[in-house]
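A.B. asks: Just one file: protein_33.txt, with compact mmCIF, C-alpha atoms and all ligand atoms.
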# COMPACT_ATOMS: atom_id res chain seq x y z
CA MET A 1 -42.08 1.43 5.58
CA ASP A 2 -41.86 4.27 8.10
CA ASN A 3 -40.44 7.54 7.00
CA GLU A 4 -38.69 9.25 9.83
CA PHE A 5 -36.77 12.43 9.29
CA VAL A 6 -34.14 13.22 11.86
CA SER A 7 -31.78 16.12 11.78
CA TYR A 8 -28.58 15.58 13.66
CA SER A 9 -26.53 18.68 14.26
CA PHE A 10 -25.67 20.12 10.85
CA ILE A 11 -26.13 16.72 9.28
CA LEU A 12 -29.20 15.12 7.90
CA LEU A 13 -28.89 11.42 8.34
CA LEU A 14 -30.67 8.68 6.64
CA LEU A 15 -31.77 6.20 9.23
CA ALA A 16 -32.64 2.59 8.89
CA THR A 17 -33.75 0.29 11.65
CA LEU A 18 -31.80 -2.92 11.57
CA ALA A 19 -34.64 -5.27 11.00
CA PRO A 20 -35.24 -6.96 7.68
CA GLY A 21 -38.17 -5.49 5.87
CA ASN A 22 -38.53 -2.75 8.45
CA VAL A 23 -36.42 0.11 7.27
CA ALA A 24 -37.09 3.55 8.59
CA LEU A 25 -35.78 6.27 6.38
CA ALA A 26 -34.82 9.77 7.19
CA ALA A 27 -33.17 12.30 4.96
CA SER A 28 -29.83 11.89 3.36
CA HIS A 29 -27.71 14.76 2.36
CA MET A 30 -24.22 13.51 2.60
CA GLU A 31 -22.09 11.15 0.61
CA ASP A 32 -18.73 9.53 0.34
CA ALA A 33 -15.71 9.15 -1.94
CA THR A 34 -13.09 6.65 -1.26
CA GLY A 35 -10.11 6.36 -3.27
CA VAL A 36 -9.34 6.57 -6.76
CA THR A 37 -9.56 4.79 -10.07
CA SER A 38 -11.72 5.48 -12.97
CA THR A 39 -13.90 2.75 -14.30
CA THR A 40 -16.36 3.12 -17.11
CA ASP A 41 -18.83 5.83 -16.58
CA PHE A 42 -22.48 4.92 -17.04
CA ASP A 43 -24.36 7.74 -18.78
CA GLY A 44 -21.55 10.18 -18.21
CA LYS A 45 -22.70 10.21 -14.59
CA HIS A 46 -19.31 9.92 -12.99
CA SER A 47 -16.23 7.80 -12.81
CA SER A 48 -16.37 5.27 -10.08
CA SER A 49 -13.40 5.44 -7.80
CA HIS A 50 -11.81 3.07 -5.37
CA MET A 51 -9.01 3.24 -2.91
CA GLY A 52 -5.98 1.36 -3.93
CA MET A 53 -6.90 0.80 -7.53
CA GLY A 54 -4.80 3.26 -9.38
CA MET A 55 -4.77 6.91 -10.32
CA ASP A 56 -1.03 7.18 -10.37
CA ASP A 57 -0.88 10.73 -11.52
CA LEU A 58 0.26 12.85 -8.59
CA VAL A 59 -0.77 16.05 -10.31
CA ASN A 60 -4.24 14.76 -11.15
CA PRO A 61 -6.56 17.23 -9.40
CA ALA A 62 -8.97 14.38 -8.60
CA ALA A 63 -6.35 12.99 -6.21
CA LYS A 64 -6.75 16.03 -3.95
CA VAL A 65 -9.00 14.20 -1.51
CA PHE A 66 -6.49 12.94 1.06
CA ALA A 67 -5.62 14.51 4.41
CA PHE A 68 -4.77 13.76 8.04
CA ILE A 69 -7.04 14.16 11.06
CA LYS A 70 -4.91 17.11 12.17
CA ASP A 71 -5.88 18.94 8.97
CA ILE A 72 -9.45 19.13 10.22
CA GLN A 73 -9.34 22.25 12.36
CA VAL A 74 -11.79 25.10 12.25
CA GLY A 75 -10.28 27.86 10.13
CA LYS A 76 -7.80 25.66 8.31
CA THR A 77 -7.78 25.92 4.51
CA MET A 78 -6.82 23.25 2.00
CA PRO A 79 -7.46 22.45 -1.67
CA ILE A 80 -10.03 19.66 -2.10
CA TYR A 81 -11.50 18.07 -5.21
CA PHE A 82 -15.21 17.23 -5.35
CA PRO A 83 -16.65 15.80 -8.58
CA TYR A 84 -19.77 17.43 -9.97
CA VAL A 85 -22.88 15.29 -9.88
CA SER A 86 -25.26 16.45 -12.59
CA ASP A 87 -28.05 14.06 -11.73
CA PRO A 88 -28.12 13.31 -7.98
CA ALA A 89 -31.42 11.43 -8.34
CA SER A 90 -29.67 8.69 -10.33
CA PHE A 91 -27.67 7.84 -7.18
CA GLU A 92 -30.76 7.37 -5.04
CA PHE A 93 -31.97 3.84 -4.44
CA LEU A 94 -35.11 2.85 -6.28
CA PRO A 95 -37.96 1.43 -4.20
CA GLU A 96 -37.42 -2.28 -3.64
CA GLU A 97 -40.57 -3.18 -5.56
CA LYS A 98 -39.25 -1.46 -8.71
CA ILE A 99 -36.15 -3.62 -8.97
CA HIS A 100 -37.55 -6.73 -7.38
CA GLY A 101 -36.90 -9.70 -9.61
CA ILE A 102 -34.23 -8.02 -11.75
CA PRO A 103 -31.21 -10.30 -11.27
CA LEU A 104 -27.82 -8.76 -10.50
CA SER A 105 -25.81 -11.47 -12.18
CA SER A 106 -23.22 -11.71 -14.95
CA GLU A 107 -24.84 -14.91 -16.15
CA GLN A 108 -27.98 -12.96 -16.96
CA LEU A 109 -26.19 -10.12 -18.74
CA PRO A 110 -27.67 -10.86 -22.19
CA GLU A 111 -31.21 -10.79 -20.74
CA LEU A 112 -30.42 -7.65 -18.75
CA LEU A 113 -29.14 -5.88 -21.87
CA ARG A 114 -32.33 -6.78 -23.70
CA PHE A 115 -34.39 -5.62 -20.72
CA PHE A 116 -32.65 -2.22 -20.63
CA SER A 117 -32.37 -2.02 -24.44
CA PHE A 118 -28.59 -1.70 -24.67
CA SER A 119 -26.69 -3.33 -27.51
CA LEU A 120 -23.94 -5.81 -26.68
CA ASP A 121 -21.12 -3.51 -27.72
CA SER A 122 -22.47 -0.30 -26.20
CA PRO A 123 -20.54 1.58 -23.48
CA GLN A 124 -23.48 0.89 -21.16
CA ALA A 125 -23.12 -2.85 -21.74
CA LEU A 126 -19.43 -2.65 -20.86
CA ALA A 127 -20.20 -0.65 -17.72
CA MET A 128 -22.84 -3.15 -16.63
CA LYS A 129 -20.48 -6.05 -17.27
CA GLN A 130 -17.74 -4.42 -15.18
CA THR A 131 -20.12 -3.59 -12.35
CA LEU A 132 -21.47 -7.15 -12.27
CA HIS A 133 -17.93 -8.54 -12.21
CA MET A 134 -17.07 -6.22 -9.35
CA CYS A 135 -20.16 -7.37 -7.46
CA GLU A 136 -19.14 -11.00 -7.97
CA ALA A 137 -15.42 -10.59 -7.26
CA LYS A 138 -13.81 -12.42 -4.37
CA PRO A 139 -13.18 -10.13 -1.41
CA LEU A 140 -9.70 -9.39 -0.12
CA GLU A 141 -8.55 -11.28 2.93
CA ARG A 142 -10.51 -10.30 6.04
CA GLU A 143 -12.95 -8.26 4.05
CA VAL A 144 -16.64 -8.75 3.37
CA VAL A 145 -18.04 -7.26 0.19
CA GLY A 146 -21.41 -7.09 -1.45
CA CYS A 147 -23.50 -5.07 -3.85
CA VAL A 148 -26.74 -3.51 -2.66
CA THR A 149 -29.55 -2.05 -4.73
CA SER A 150 -32.03 -0.78 -2.13
CA PHE A 151 -32.22 0.43 1.45
CA GLU A 152 -33.53 -2.98 2.39
CA SER A 153 -30.52 -4.79 0.93
CA LEU A 154 -28.20 -2.17 2.45
CA ALA A 155 -29.75 -2.79 5.89
CA ASP A 156 -29.50 -6.56 5.39
CA PHE A 157 -25.82 -6.24 4.46
CA ALA A 158 -25.02 -4.00 7.44
CA GLN A 159 -27.03 -6.08 9.87
CA ARG A 160 -24.51 -8.89 9.58
CA PHE A 161 -21.85 -6.72 11.22
CA PHE A 162 -23.64 -4.50 13.71
CA GLU A 163 -24.68 -6.15 17.00
CA PRO A 164 -27.60 -8.32 15.91
CA ASP A 165 -29.34 -8.11 19.28
CA SER A 166 -29.14 -4.41 19.89
CA ARG A 167 -30.52 -3.57 16.45
CA PRO A 168 -28.95 -0.16 16.27
CA ARG A 169 -30.33 2.31 13.81
CA LEU A 170 -28.20 2.87 10.78
CA GLY A 171 -26.99 6.21 9.61
CA VAL A 172 -26.15 6.70 5.98
CA LEU A 173 -23.74 9.56 5.41
CA ARG A 174 -23.21 11.35 2.13
CA SER A 175 -21.34 14.49 1.14
CA SER A 176 -23.60 17.22 -0.16
CA PRO A 177 -23.26 17.83 -3.91
CA ILE A 178 -21.41 20.88 -5.18
CA SER A 179 -23.23 23.33 -7.44
CA ASP A 180 -22.58 23.48 -11.18
CA THR A 181 -20.65 26.73 -10.78
CA THR A 182 -18.27 25.41 -8.13
CA PRO A 183 -14.73 24.67 -9.36
CA LEU A 184 -14.05 20.94 -8.98
CA LEU A 185 -10.78 21.74 -7.26
CA GLN A 186 -10.67 24.77 -5.01
CA ASN A 187 -9.59 25.85 -1.55
CA TYR A 188 -12.00 25.12 1.29
CA THR A 189 -11.91 26.38 4.86
CA VAL A 190 -13.10 24.10 7.67
CA LEU A 191 -16.16 25.74 9.26
CA GLU A 192 -17.07 23.01 11.73
CA TYR A 193 -16.74 19.27 12.09
CA GLU A 194 -18.05 16.40 14.09
CA GLU A 195 -16.79 12.88 14.70
CA ILE A 196 -19.69 10.58 13.90
CA SER A 197 -18.35 7.11 14.55
CA THR A 198 -15.31 5.00 15.28
CA GLY A 199 -15.12 1.33 14.52
CA LYS A 200 -17.77 -0.31 12.43
CA ILE A 201 -18.04 1.75 9.31
CA ILE A 202 -19.13 0.42 5.94
CA PRO A 203 -18.12 2.47 2.89
CA CYS A 204 -20.23 1.91 -0.23
CA HIS A 205 -19.34 3.11 -3.71
CA ASN A 206 -21.77 3.87 -6.46
CA GLU A 207 -21.14 1.73 -9.52
CA PRO A 208 -22.14 2.55 -13.11
CA TYR A 209 -25.44 0.78 -13.77
CA PRO A 210 -28.90 1.65 -15.13
CA TYR A 211 -30.15 2.07 -11.54
CA ALA A 212 -28.43 2.71 -8.21
CA VAL A 213 -26.01 -0.10 -7.34
CA TYR A 214 -23.56 0.32 -4.48
CA PHE A 215 -20.52 -1.84 -3.82
CA CYS A 216 -20.08 -2.06 -0.04
CA HIS A 217 -17.05 -3.41 1.73
CA PHE A 218 -16.39 -4.01 5.38
CA GLN A 219 -13.15 -4.95 7.11
CA PRO A 220 -14.03 -6.26 10.57
CA ASP A 221 -10.47 -6.06 11.89
CA THR A 222 -9.60 -2.51 10.95
CA VAL A 223 -10.36 0.68 12.80
CA ASN A 224 -11.84 3.56 10.89
CA LYS A 225 -13.19 6.90 12.00
CA VAL A 226 -15.72 8.97 10.14
CA PHE A 227 -16.30 12.70 10.45
CA MET A 228 -18.71 15.13 8.90
CA VAL A 229 -16.85 18.28 7.94
CA SER A 230 -18.53 21.53 6.93
CA LEU A 231 -16.41 23.31 4.38
CA GLY A 232 -16.67 26.82 3.03
CA GLY A 233 -15.44 27.05 -0.56
CA GLU A 234 -13.47 29.98 -1.92
CA ASN A 235 -16.39 30.60 -4.30
CA GLY A 236 -18.82 30.87 -1.38
CA ASP A 237 -20.28 27.40 -1.80
CA ARG A 238 -20.69 25.22 1.26
CA VAL A 239 -20.08 21.48 1.27
CA ASP A 240 -20.91 19.13 4.13
CA ALA A 241 -18.46 16.36 3.46
CA VAL A 242 -17.90 12.82 4.67
CA PHE A 243 -14.30 12.42 5.83
CA LEU A 244 -13.25 8.82 6.44
CA CYS A 245 -10.01 7.96 8.24
CA HIS A 246 -8.25 4.60 7.98
CA MET A 247 -6.39 4.46 11.27
CA ASP A 248 -4.10 1.55 10.41
CA THR A 249 -2.41 1.71 7.03
CA SER A 250 0.39 -0.76 7.82
CA ALA A 251 -0.96 -3.40 5.42
CA TRP A 252 -1.48 -0.99 2.52
CA ASP A 253 0.55 -1.13 -0.66
CA ALA A 254 3.49 1.23 -0.22
CA GLY A 255 2.84 2.53 -3.74
CA HIS A 256 -0.59 3.86 -2.86
CA ILE A 257 -0.88 7.39 -4.15
CA SER A 258 -2.03 8.75 -0.78
CA PHE A 259 1.39 7.99 0.76
CA ARG A 260 3.15 9.98 -1.92
CA LEU A 261 0.68 12.82 -1.76
CA LEU A 262 0.86 13.11 2.03
CA GLY A 263 4.53 12.18 2.40
CA VAL A 264 4.13 9.26 4.79
CA LYS A 265 4.84 5.53 4.71
CA PRO A 266 2.48 2.61 5.42
CA GLY A 267 1.66 2.40 9.12
CA GLU A 268 3.19 5.79 9.98
CA SER A 269 -0.06 7.64 10.10
CA GLU A 270 -3.76 7.43 9.49
CA ILE A 271 -4.92 8.27 5.97
CA CYS A 272 -8.22 10.08 5.55
CA HIS A 273 -10.12 11.10 2.47
CA PHE A 274 -13.14 13.14 1.50
CA PHE A 275 -16.00 11.32 -0.22
CA PRO A 276 -17.69 12.43 -3.46
CA ALA A 277 -21.45 13.03 -3.32
CA TYR A 278 -22.28 9.79 -5.13
CA ASP A 279 -20.82 7.37 -2.57
CA LEU A 280 -21.99 6.70 0.98
CA VAL A 281 -20.91 5.42 4.38
CA VAL A 282 -23.07 3.34 6.74
CA VAL A 283 -22.56 3.68 10.49
CA PRO A 284 -24.45 2.47 13.55
CA LEU A 285 -25.98 5.49 15.24
CA PRO A 286 -24.89 6.14 18.81
CA TRP A 287 -28.42 6.82 20.05
C1 LIG A 301 -5.20 27.63 -2.49
O1 LIG A 301 -4.60 28.72 -1.82
C2 LIG A 301 -3.19 28.76 -1.94
C3 LIG A 301 -2.69 29.88 -1.04
O2 LIG A 301 -3.38 31.06 -1.26
C4 LIG A 301 -2.83 28.97 -3.41
O3 LIG A 301 -1.44 29.01 -3.58
C5 LIG A 301 -3.41 27.83 -4.21
O4 LIG A 301 -3.18 28.02 -5.60
C6 LIG A 301 -4.90 27.67 -3.98
N1 LIG A 301 -5.33 26.45 -4.60
C7 LIG A 301 -6.39 26.39 -5.41
C8 LIG A 301 -6.72 25.06 -5.96
O5 LIG A 301 -7.08 27.37 -5.66
If you took the structure in this file and wrote it as structure tokens, what would it be?
Ligand SMILES: *[C@@H]1O[C@H](CO)[C@@H](O)[C@H](O)[C@H]1NC(C)=O
C.D. replies:
Amino acid sequence: MDNEFVSYSFILLLLATLAPGNVALAASHMEDATGVTSTTDFDGKHSSSHMGMGMDDLVNPAAKVFAFIKDIQVGKTMPIYFPYVSDPASFEFLPEEKIHGIPLSSEQLPELLRFFSFSLDSPQALAMKQTLHMCEAKPLEREVVGCVTSFESLADFAQRFFEPDSRPRLGVLRSSPISDTTPLLQNYTVLEYEEISTGKIIPCHNEPYPYAVYFCHFQPDTVNKVFMVSLGGENGDRVDAVFLCHMDTSAWDAGHISFRLLGVKPGESEICHFFPAYDLVVVPLPW
């Protein structure tokens, strides 16, 4: 495996060449956060969150992640919620050889629990069960989903959607983690921003599990845009955040919390959201 570190503007991207077994890595600093619903936390790491799955409480500070493209202007200030990640290393993929041969399958749950030494009724067992079910769930219409556990499996998943012949390099975007003294919800001012990609964008969400498991989903027919936004916090902290925009919301559930928070109806406007530091977005790199 080649390690190739590339710095792109104010972003450090993780790169992967789209060839099975030939993944070139660069640095990753940025992550993602789509949507909103709490599932079981693994070791108190975080609550997994997904667009369209709940969080009905309009005053819940964790819902302060939605915005429009027009909100991203240098000098503009807005309140944004970023969860604190106490153990960023637990969100990094393990080397393929470390997890090789460990099945990711509900059928094998009893063996997996023995392997990781968790009792059947432990919170960890419940979290693993839920993650495995999520990984095995049927995708929505016109959506492709899958769980990945390494850069190799991430590249294999993405390769199915990005021009197979051109073998573009992959960029993996993550938001930078906030420090332990940063308020989870505070005002941030946009310092600079950059549009990274339009079109084929694969969001992946970290799921509670004993090692890094990401649930990736791709909707071939929808247009998304992804930006990196540098934000200056009121407390002086700086966050380089992934900002993903869903350009067509006409098919979304009208009850989705983002519509109520932003005061728009399905299809009226794009809906964008900032990502937490434990999720990621895969894009083909333009060079
Ligand atoms: C953000 O700033 C506005 C205007 O100064 C203020 O009313 C609001 O309480 C602040 N929000 C947070 C979360 O600090």
A.B. asks: Provide the CA of Ala63 (chain A) to CA of Glu136 (chain A) distance in Å, to one decimal place.
C.D. replies: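 About the pair CA of Ala63 (chain A) and CA of Glu136 (chain A): they are 27.2 Å apart.
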A.B. asks: All residues within 6 Å of ligand LIG 301 (chain A) are required, counting all atoms listed in the file; please report them as number ranges by chain.
C.D. replies: A: 79, 185-187
A.B. asks: CA of Asp240 (chain A) to CA of Glu195 (chain A): how many Å, to one decimal?
C.D. replies: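 These two atoms are separated by 13.0 Å.
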A.B. asks: Between A:Glu207, A:Leu191, A:Lys98, A:Ala241, which one has atoms that come closest to Gln130 (chain A), using only C-alpha atoms?
C.D. replies: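 Smallest separation from Gln130 (chain A) among the options: A:Glu207.
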A.B. asks: Given the point (-7.3, 8.9, 2.5) in the coordinates of this file, which residues lie within 7 Å, counting only C-alpha atoms, and how would they look as a PyMOL selection string?
C.D. replies: chain A and resi 35+65-67+245+258+271-273
A.B. asks: What's the 6 Å shell around Ala127 (chain A), counting only C-alpha atoms, without same-chain residues fewer than 2 positions away, as a list in words?
C.D. replies: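 Skipping anything fewer than 2 positions along the chain leaves Thr40, Gln124, Ala125, Lys129, Gln130 and Pro208 of chain A.
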A.B. asks: Figure out the distance between CA of Gly146 (chain A) and CA of Glu96 (chain A), please, to one decimal in Å.
C.D. replies: 16.9 Å
A.B. asks: Would you mind telling me which residue in A:Val282, A:Leu112, A:Ala254, A:Cys147 lies nearest to Gln159 (chain A) when using all atoms listed in the file?
C.D. replies: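 Looking at the shortest contact to Gln159 (chain A), the residue is A:Val282.
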A.B. asks: Could you pull the residues within 12 Å of Trp252 (chain A), counting all atoms listed in the file, minus those fewer than 6 positions along the same chain, as a ChimeraX atom specification?
C.D. replies: /A:51-53,222,246,258-259,264-271
A.B. asks: Write out as lines of an AutoDock Vina configuration file an axis-aligned box for region 177-181 of chain A: all of its atoms listed in the file, 6 Å added on each side, centre and edge lengths in Å with one decimal.
C.D. replies:
center_x = -22.0
center_y = 22.3
center_z = -7.5
size_x = 14.6
size_y = 20.9
size_z = 19.3
A.B. asks: Counting all atoms listed in the file, which of A:Thr249, A:Ser90, A:Asn224, A:Thr181 gets nearest to Tyr211 (chain A)?
C.D. replies: A:Ser90
A.B. asks: Using all atoms listed in the file for the distances, tell me which of A:Val145, A:Ala89, A:Leu170, A:Ile72 is nearest to Glu194 (chain A).
C.D. replies: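 Ranking A:Val145, A:Ala89, A:Leu170, A:Ile72 by distance to Glu194 (chain A), first place goes to A:Ile72.
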A.B. asks: Any idea what's packed within 9 Å of Ala62 (chain A), counting all atoms listed in the file, ignoring anything in its chain fewer than 3 positions away? Could you give it as a VMD selection string?
C.D. replies: chain A and resid 36 55 59 65 80 to 83 184 to 185
A.B. asks: Extract, using all atoms listed in the file, all DNA, RNA and protein residues at most 9 Å from Ser150 (chain A), discarding same-chain residues fewer than 5 positions from it, and format them as a ChimeraX atom specification.
C.D. replies: /A:92-96,99,155,212-214
A.B. asks: Pick out the residues sitting within 10 Å of Gln73 (chain A), and hand them over as JSON, numbers by chain; count only C-alpha atoms, and ignore anything fewer than 2 positions along from it in its own chain.
C.D. replies: {"A": [69, 70, 71, 75, 76, 77, 189, 190, 191, 192, 193, 229]}
A.B. asks: Give the answer as one residue: which of A:Met78, A:Leu154, A:Val85, A:Leu126 has the shortest atom-to-atom distance to Tyr209 (chain A), using all atoms listed in the file?
C.D. replies: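 Looking only at the distances to Tyr209 (chain A), the closest residue turns out to be A:Leu126.
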